[in-house]
>>> print(open('query.txt').read())   # compact mmCIF, C-alpha atoms
# COMPACT_ATOMS: atom_id res chain seq x y z
CA GLU A 1 0.00 0.00 0.00
CA GLU A 2 2.80 2.41 0.88
CA VAL A 3 4.54 1.75 -2.45
CA LEU A 4 1.35 2.44 -4.40
CA HIS A 5 0.76 5.73 -2.60
CA SER A 6 4.40 6.72 -3.02
CA ILE A 7 4.23 6.18 -6.78
CA VAL A 8 1.04 8.18 -7.33
CA ARG A 9 2.37 11.00 -5.13
CA GLY A 10 5.55 11.10 -7.19
CA LEU A 11 3.56 11.22 -10.43
CA ALA A 12 1.25 13.93 -9.10
CA GLU A 13 4.27 16.13 -8.38
CA GLN A 14 5.29 16.17 -12.06
CA PRO A 15 4.52 19.27 -14.18
CA ASP A 16 0.94 19.46 -15.51
CA VAL A 17 -0.16 16.20 -13.80
CA ALA A 18 -3.53 16.85 -12.18
CA LEU A 19 -4.36 13.39 -10.87
CA ALA A 20 -2.62 10.00 -10.68
CA ARG A 21 -4.44 6.87 -9.60
CA VAL A 22 -3.95 3.14 -9.14
CA TRP A 23 -6.96 0.87 -9.56
CA LEU A 24 -6.84 -2.80 -8.56
CA LEU A 25 -9.04 -5.50 -10.04
CA LYS A 26 -10.93 -7.16 -7.19
CA PRO A 27 -14.24 -8.97 -6.57
CA SER A 28 -17.30 -6.71 -6.50
CA ASP A 29 -18.32 -5.73 -3.00
CA ILE A 30 -20.70 -2.74 -3.01
CA CYS A 31 -22.98 -3.55 -5.95
CA PRO A 32 -26.30 -2.65 -4.22
CA HIS A 33 -25.00 0.85 -3.40
CA CYS A 34 -22.63 1.48 -6.33
CA GLN A 35 -23.47 4.53 -8.45
CA MET A 36 -22.10 2.75 -11.53
CA ARG A 37 -24.32 -0.32 -11.17
CA SER A 38 -26.62 0.68 -14.04
CA VAL A 39 -23.74 0.52 -16.54
CA CYS A 40 -21.99 -2.50 -15.00
CA GLU A 41 -22.36 -5.65 -17.09
CA ASP A 42 -20.14 -7.90 -14.95
CA GLN A 43 -21.04 -7.57 -11.28
CA THR A 44 -18.57 -10.23 -10.13
CA ARG A 45 -15.51 -7.97 -10.22
CA CYS A 46 -14.55 -4.35 -10.85
CA LEU A 47 -11.75 -1.83 -10.40
CA HIS A 48 -11.22 -0.65 -6.82
CA LEU A 49 -9.43 2.63 -6.15
CA ALA A 50 -6.22 1.72 -4.31
CA ALA A 51 -4.12 4.90 -4.41
CA SER A 52 -4.81 8.49 -5.46
CA ALA A 53 -2.87 11.77 -5.51
CA GLY A 54 -3.42 15.16 -7.10
CA SER A 55 -4.78 18.65 -6.55
CA SER A 56 -7.70 20.64 -7.87
CA ILE A 57 -7.51 24.15 -9.35
CA SER A 58 -11.29 24.69 -9.28
CA GLU A 59 -11.95 23.36 -5.77
CA PRO A 60 -8.70 23.68 -3.77
CA VAL A 61 -10.32 22.22 -0.65
CA GLU A 62 -11.15 18.91 -2.36
CA ASP A 63 -9.06 15.97 -1.17
CA TRP A 64 -7.98 13.98 -4.21
CA ASN A 65 -5.73 11.78 -2.09
CA SER A 66 -8.61 10.11 -0.29
CA LEU A 67 -9.88 6.67 -1.21
CA ASP A 68 -13.13 7.17 0.67
CA HIS A 69 -15.19 8.39 -2.27
CA PRO A 70 -18.66 7.29 -3.42
CA ASP A 71 -17.29 6.73 -6.94
CA ASN A 72 -14.28 4.60 -6.01
CA ARG A 73 -15.35 1.67 -8.21
CA ILE A 74 -15.20 1.38 -12.02
CA PRO A 75 -16.99 -1.38 -13.97
CA LEU A 76 -14.93 -3.29 -16.53
CA SER A 77 -17.48 -2.42 -19.21
CA ASN A 78 -17.23 1.30 -18.61
CA ALA A 79 -14.70 4.11 -19.02
CA LEU A 80 -11.13 4.17 -20.25
CA GLU A 81 -9.79 2.48 -17.10
CA GLY A 82 -12.33 -0.31 -17.45
CA ARG A 83 -11.35 -0.82 -21.07
CA ILE A 84 -7.68 -1.04 -20.13
CA ALA A 85 -8.43 -3.62 -17.42
CA SER A 86 -10.61 -5.74 -19.72
CA THR A 87 -8.35 -5.62 -22.81
CA GLY A 88 -4.89 -5.23 -21.31
CA GLU A 89 -4.12 -2.47 -23.85
CA GLU A 90 -2.55 0.84 -22.89
CA VAL A 91 -4.40 4.08 -23.71
CA LEU A 92 -3.05 7.53 -24.59
CA GLN A 93 -5.88 10.02 -25.20
CA ARG A 94 -5.50 13.74 -25.93
CA GLY A 95 -8.43 16.11 -26.14
CA LEU A 96 -10.87 14.53 -23.72
CA HIS A 97 -13.87 16.81 -24.27
CA GLY A 98 -16.97 14.76 -24.92
CA LEU A 99 -15.49 11.61 -23.39
CA THR A 100 -16.06 10.18 -19.95
CA PRO A 101 -12.76 8.75 -18.72
CA GLY A 102 -13.81 6.71 -15.73
CA ILE A 103 -16.00 8.29 -13.12
CA LEU A 104 -14.82 11.82 -13.96
CA ARG A 105 -17.38 13.72 -16.05
CA THR A 106 -16.84 16.12 -18.92
CA SER A 107 -17.69 19.06 -16.68
CA TRP A 108 -14.89 18.03 -14.36
CA LEU A 109 -12.46 17.87 -17.29
CA GLU A 110 -13.37 21.40 -18.29
CA LYS A 111 -13.16 22.81 -14.77
CA GLU A 112 -9.78 21.24 -14.14
CA LYS A 113 -8.48 22.05 -17.66
CA ILE A 114 -7.62 18.39 -18.29
CA LEU A 115 -6.16 17.92 -21.79
CA SER A 116 -4.93 14.32 -21.81
CA PHE A 117 -5.15 10.90 -20.24
CA ALA A 118 -2.69 7.99 -20.16
CA GLY A 119 -3.32 4.58 -18.66
CA HIS A 120 -1.48 1.27 -18.51
CA PRO A 121 -2.52 -2.17 -17.32
CA LEU A 122 -0.82 -3.65 -14.27
CA VAL A 123 0.28 -7.18 -15.06
CA SER A 124 1.41 -9.61 -12.37
CA GLY A 125 2.22 -13.22 -13.19
CA GLY A 126 0.71 -12.84 -16.66
CA GLU A 127 -2.58 -11.67 -15.17
CA ILE A 128 -4.10 -8.19 -15.33
CA VAL A 129 -4.48 -7.01 -11.74
CA GLY A 130 -5.25 -3.32 -12.17
CA VAL A 131 -4.65 -0.02 -13.95
CA LEU A 132 -2.33 2.97 -13.50
CA ALA A 133 -3.96 6.17 -14.80
CA VAL A 134 -2.80 9.78 -15.11
CA PHE A 135 -4.82 12.91 -15.98
CA SER A 136 -2.74 15.84 -17.21
CA ARG A 137 -3.37 19.51 -17.85
CA GLY A 138 -0.75 19.34 -20.57
CA LEU A 139 -0.55 17.21 -23.72
CA LEU A 140 1.05 13.87 -22.86
CA THR A 141 3.35 12.43 -25.52
CA GLU A 142 4.30 8.90 -26.52
CA HIS A 143 7.50 9.47 -24.57
CA ASP A 144 5.48 10.36 -21.46
CA SER A 145 3.38 7.24 -21.93
CA ALA A 146 6.54 5.10 -22.18
CA TRP A 147 7.74 6.54 -18.88
CA LEU A 148 4.35 5.86 -17.33
CA GLN A 149 4.65 2.23 -18.44
CA ILE A 150 7.83 1.95 -16.35
CA PHE A 151 5.90 3.17 -13.32
CA ALA A 152 3.14 0.66 -14.13
CA GLN A 153 5.74 -2.10 -14.09
CA LEU A 154 6.98 -0.87 -10.70
CA VAL A 155 3.43 -0.99 -9.36
CA ALA A 156 2.99 -4.52 -10.76
CA VAL A 157 6.23 -5.62 -9.06
CA ALA A 158 5.02 -4.12 -5.78
CA ILE A 159 1.74 -6.00 -6.11
CA THR A 160 3.54 -9.25 -6.95
CA ASN A 161 5.84 -8.85 -3.95
CA ALA A 162 2.94 -7.98 -1.67
CA ARG A 163 1.01 -11.04 -2.80
CA ALA A 164 4.04 -13.27 -2.31
CA PHE A 165 4.58 -11.80 1.15
CA ASP A 166 0.92 -12.33 2.03
CA GLU A 167 1.09 -15.93 0.85
CA ARG A 168 4.22 -16.58 2.90
CA GLN A 169 2.68 -14.90 5.90
CA GLN A 170 -0.49 -16.94 5.56
CA ALA A 171 1.56 -20.11 5.15
CA ALA A 172 3.56 -19.21 8.26
CA GLU A 173 0.38 -18.54 10.22
CA ILE A 174 -1.10 -21.86 9.09
CA ALA A 175 2.12 -23.67 9.99
CA GLU A 176 2.19 -22.01 13.41
CA ARG A 177 -1.46 -22.92 13.97
CA HIS A 178 -0.78 -26.53 13.02
CA ALA A 179 2.27 -26.59 15.28
CA ASP A 180 0.19 -25.23 18.15
CA GLU A 181 -2.47 -27.88 17.53
CA LEU A 182 0.26 -30.54 17.45
CA ARG A 183 1.63 -29.27 20.76
CA GLN A 184 -1.81 -29.47 22.35
CA VAL A 185 -2.35 -33.02 21.05
CA ILE A 186 0.96 -34.43 22.22
CA ASP A 187 0.79 -32.55 25.51
CA VAL A 188 -2.02 -34.78 26.75
CA ALA A 189 -0.34 -38.03 25.67
CA PRO A 190 0.69 -40.25 28.63
CA MET A 191 3.99 -41.28 27.03
CA GLN A 192 6.87 -38.88 26.58
CA MET A 193 6.80 -37.14 23.17
CA PHE A 194 9.07 -34.55 21.60
CA VAL A 195 9.57 -32.72 18.31
CA TRP A 196 12.83 -31.65 16.67
CA GLU A 197 13.23 -29.19 13.85
CA ALA A 198 14.65 -30.40 10.51
CA ASP A 199 18.16 -29.18 11.44
CA GLY A 200 18.10 -31.28 14.62
CA SER A 201 17.47 -28.42 17.02
CA ALA A 202 14.91 -28.86 19.77
CA SER A 203 11.38 -27.65 19.20
CA PHE A 204 9.30 -28.81 22.14
CA GLY A 205 8.53 -31.71 24.45
CA ASN A 206 5.19 -32.64 25.98
CA ARG A 207 4.10 -32.43 29.60
CA ALA A 208 5.05 -36.02 30.43
CA ALA A 209 8.63 -35.44 29.25
CA LYS A 210 8.97 -32.17 31.15
CA GLU A 211 7.61 -33.71 34.36
CA TYR A 212 10.01 -36.67 34.12
CA PHE A 213 13.25 -34.76 33.46
CA ARG A 214 12.44 -31.30 34.89
CA VAL A 215 15.29 -29.69 32.96
CA GLU A 216 15.12 -25.95 33.55
CA LYS A 217 16.29 -24.69 30.14
CA GLN A 218 15.79 -26.03 26.62
CA LEU A 219 18.93 -27.71 25.34
CA ASN A 220 20.20 -29.00 22.04
CA PRO A 221 18.90 -32.61 21.75
CA LEU A 222 22.38 -34.16 21.81
CA LYS A 223 23.38 -32.07 24.84
CA PHE A 224 20.15 -33.09 26.52
CA LEU A 225 20.81 -36.79 25.85
CA GLU A 226 24.34 -36.51 27.25
CA LEU A 227 22.85 -34.96 30.37
CA VAL A 228 20.15 -37.56 31.06
CA THR A 229 21.41 -40.83 29.50
CA HIS A 230 23.30 -43.42 31.55
CA PRO A 231 27.09 -43.09 30.99
CA ASP A 232 27.27 -46.75 29.89
CA ASP A 233 24.59 -46.20 27.22
CA ILE A 234 25.29 -42.75 25.79
CA GLN A 235 28.07 -43.60 23.31
CA ALA A 236 26.16 -46.27 21.40
CA PHE A 237 23.02 -44.15 21.67
CA LYS A 238 24.62 -41.10 20.02
CA ILE A 239 26.27 -43.11 17.24
CA ARG A 240 23.04 -44.80 16.23
CA LEU A 241 21.01 -41.60 16.54
CA LEU A 242 23.36 -39.55 14.35
CA GLU A 243 23.51 -42.35 11.79
CA ALA A 244 19.72 -42.48 11.59
CA ARG A 245 19.43 -38.70 11.31
CA ASN A 246 22.09 -38.44 8.59
CA ASN A 247 20.36 -41.19 6.62
CA GLU A 248 16.93 -39.65 7.31
CA LYS A 249 15.69 -42.98 8.65
CA PRO A 250 13.49 -43.84 11.64
CA PHE A 251 15.40 -44.50 14.87
CA ASP A 252 14.70 -47.13 17.53
CA HIS A 253 16.97 -47.73 20.51
CA GLU A 254 16.85 -48.71 24.19
CA ALA A 255 18.75 -46.85 26.90
CA ARG A 256 18.61 -45.91 30.57
CA MET A 257 17.57 -42.31 31.22
CA ARG A 258 17.82 -40.39 34.47
CA ARG A 259 14.72 -39.07 36.16
CA TYR A 260 14.79 -35.68 37.91
CA ASP A 261 15.42 -37.45 41.28
CA GLY A 262 18.49 -39.32 39.96
CA GLU A 263 16.88 -42.72 39.33
CA TYR A 264 17.69 -44.37 35.99
CA ARG A 265 14.93 -46.19 34.14
CA TRP A 266 14.95 -48.04 30.84
CA PHE A 267 13.28 -46.35 27.88
CA ARG A 268 12.59 -47.31 24.31
CA TYR A 269 13.55 -44.22 22.30
CA GLN A 270 11.94 -43.86 18.83
CA SER A 271 12.01 -40.97 16.35
CA TYR A 272 10.48 -40.61 12.90
CA PRO A 273 11.04 -38.03 10.13
CA LEU A 274 7.96 -36.02 9.12
CA ARG A 275 8.25 -34.91 5.50
CA HIS A 276 6.95 -32.17 3.24
CA SER A 277 5.13 -33.11 0.04
CA ASP A 278 8.43 -32.85 -1.88
CA GLY A 279 10.05 -35.43 0.39
CA THR A 280 12.27 -33.07 2.38
CA ILE A 281 12.16 -33.39 6.16
CA ALA A 282 9.93 -30.88 7.94
CA ARG A 283 10.76 -32.04 11.48
CA TRP A 284 11.35 -35.14 13.59
CA CYS A 285 8.76 -36.54 15.96
CA GLY A 286 9.81 -38.88 18.75
CA ILE A 287 8.43 -41.06 21.55
CA ARG A 288 10.09 -42.29 24.74
CA THR A 289 8.33 -45.31 26.24
CA ASP A 290 9.12 -46.46 29.77
CA ILE A 291 10.03 -50.16 29.50
CA HIS A 292 11.82 -50.41 32.84
CA ASP A 293 9.42 -52.89 34.45
CA GLN A 294 9.45 -55.04 31.32
CA LYS A 295 13.26 -54.91 31.22
CA MET A 296 13.54 -55.90 34.88
CA ALA A 297 11.11 -58.77 34.31
CA GLU A 298 13.21 -59.96 31.36
CA GLU A 299 16.37 -59.82 33.46
CA ARG A 300 14.70 -61.77 36.26
CA ALA A 301 13.50 -64.35 33.75
CA ALA A 302 17.00 -64.58 32.30
CA GLN A 303 18.48 -65.12 35.77
CA GLU A 304 15.87 -67.74 36.59
CA THR A 305 16.65 -69.47 33.30
CA ILE A 306 20.35 -69.57 34.16
CA VAL A 307 19.63 -71.02 37.61
CA LEU A 308 17.25 -73.58 36.09
CA ARG A 309 19.84 -74.62 33.50
CA GLU A 310 22.42 -75.09 36.27
CA GLU A 311 19.96 -77.30 38.17
CA ILE A 312 19.24 -79.29 35.01
CA ASP A 313 22.99 -79.68 34.33
CA LYS A 314 23.54 -80.96 37.88
CA ALA A 315 20.64 -83.44 37.54
CA SER A 316 21.94 -84.61 34.16
CA MET A 317 25.44 -85.15 35.57
CA PHE A 318 23.98 -87.13 38.48
>>> encode(input="query.txt", output="structure tokens")
Amino acid sequence: EEVLHSIVRGLAEQPDVALARVWLLKPSDICPHCQMRSVCEDQTRCLHLAASAGSSISEPVEDWNSLDHPDNRIPLSNALEGRIASTGEEVLQRGLHGLTPGILRTSWLEKEKILSFAGHPLVSGGEIVGVLAVFSRGLLTEHDSAWLQIFAQLVAVAITNARAFDERQQAAEIAERHADELRQVIDVAPMQMFVWEADGSASFGNRAAKEYFRVEKQLNPLKFLELVTHPDDIQAFKIRLLEARNNEKPFDHEARMRRYDGEYRWFRYQSYPLRHSDGTIARWCGIRTDIHDQKMAEERAAQETIVLREEIDKASMF
């Protein structure tokens, strides 16, 4: 918006320029109240006044910079601006008496001593998105019109950039909303869950994980693992984790991890890559499952098996 206003202000400061305006092609929105409705054939879209600058010589108190005007819409089937928007052809018109360029009547042309009009379509991504129009009290030349086309291209670039920025901003807002929803979902899960960013940096852990470890500050995942993993398990753990991450493969490993009170318990540690539609990794999602009781039961069973085998060996020898 600021770029559009800056361009029309700059044009309005040029010699003989009475009024410079930017119109953008948008869906119709005020059809029931529009003063141009009777001559509007297509009531699905029209030109909306987006930027305006100029000064009157007949009514000095009039504000030509304002967009809040009852005639701030132009039908595509009407006026020079509408023709430019519908055909995509530039217009250079000198001697405007008897014509109605846009919403400005012949009486206005006479009062303001308007002698010429130049307009160019605004094209973004191969699509007509609006019109840049200038009313002059002097006779505009082909050279003037060529210069105006350069300004029209600048406006089109500004519109393209603004649209791209809006799309990125909307995408970022959607991504943040999805991330927030994901945080809420995993926060209520009974098992420990965590999310890493694509570069391996920490994103967030759920409530169960925070309550188990109670680490005050958020750490890099590898630093965190070094802090909470049993010294006898950390080396193999890190090697396998880095290998899985470098190969972009799921990871599954068992290790003892220290609770906030110093007790070590066995966990099954799993992480999975979440991918974009193009196959690149968006982030990693992981689960830590407490398998300590199961592990202890397996060890007891293994010990009992050893004792039983020794008893069987003794009986066999006897």
>>> residues_near_point(input="query.txt", point="(18.0, -34.4, 32.7)", cutoff="12 Å", atoms="only C-alpha atoms", output="ChimeraX atom specification")
/A:209-219,221-230,256-264
>>> residues_around(input="query.txt", residues="A:Gln149", least_positions_apart="6", cutoff="10 Å", atoms="all atoms listed in the file", output="mmCIF file with C-alpha atoms, keeping the file's coordinate frame")
data_model
loop_
_atom_site.group_PDB
_atom_site.id
_atom_site.type_symbol
_atom_site.label_atom_id
_atom_site.label_comp_id
_atom_site.auth_asym_id
_atom_site.auth_seq_id
_atom_site.Cartn_x
_atom_site.Cartn_y
_atom_site.Cartn_z
ATOM 1 C CA GLU A 90 -2.550 0.840 -22.890
ATOM 2 C CA ALA A 118 -2.690 7.990 -20.160
ATOM 3 C CA GLY A 119 -3.320 4.580 -18.660
ATOM 4 C CA HIS A 120 -1.480 1.270 -18.510
ATOM 5 C CA PRO A 121 -2.520 -2.170 -17.320
ATOM 6 C CA LEU A 122 -0.820 -3.650 -14.270
ATOM 7 C CA LEU A 132 -2.330 2.970 -13.500
ATOM 8 C CA HIS A 143 7.500 9.470 -24.570
ATOM 9 C CA VAL A 155 3.430 -0.990 -9.360
#
>>> closest_residue(input="query.txt", among="A:Ala179, A:Ile114, A:Cys285, A:Val91", to="A:Val195", atoms="all atoms listed in the file")
A:Cys285
>>> axis_aligned_box(input="query.txt", around="stretch 265-280 of chain A", padding_each_side="8 Å", output="JSON")
{"center_x": 10.0, "center_y": -40.1, "center_z": 16.1, "size_x": 25.8, "size_y": 31.9, "size_z": 52.0}
>>> atom_distance(input="query.txt", atom1="atom CA of A:Leu11", atom2="atom CA of A:Leu139")
15.1 Å
>>> atom_distance(input="query.txt", atom1="atom CA of A:Cys31", atom2="atom CA of A:Asp63")
24.4 Å
>>> atom_distance(input="query.txt", atom1="atom CA of A:Trp196", atom2="atom CA of A:Arg283")
5.6 Å
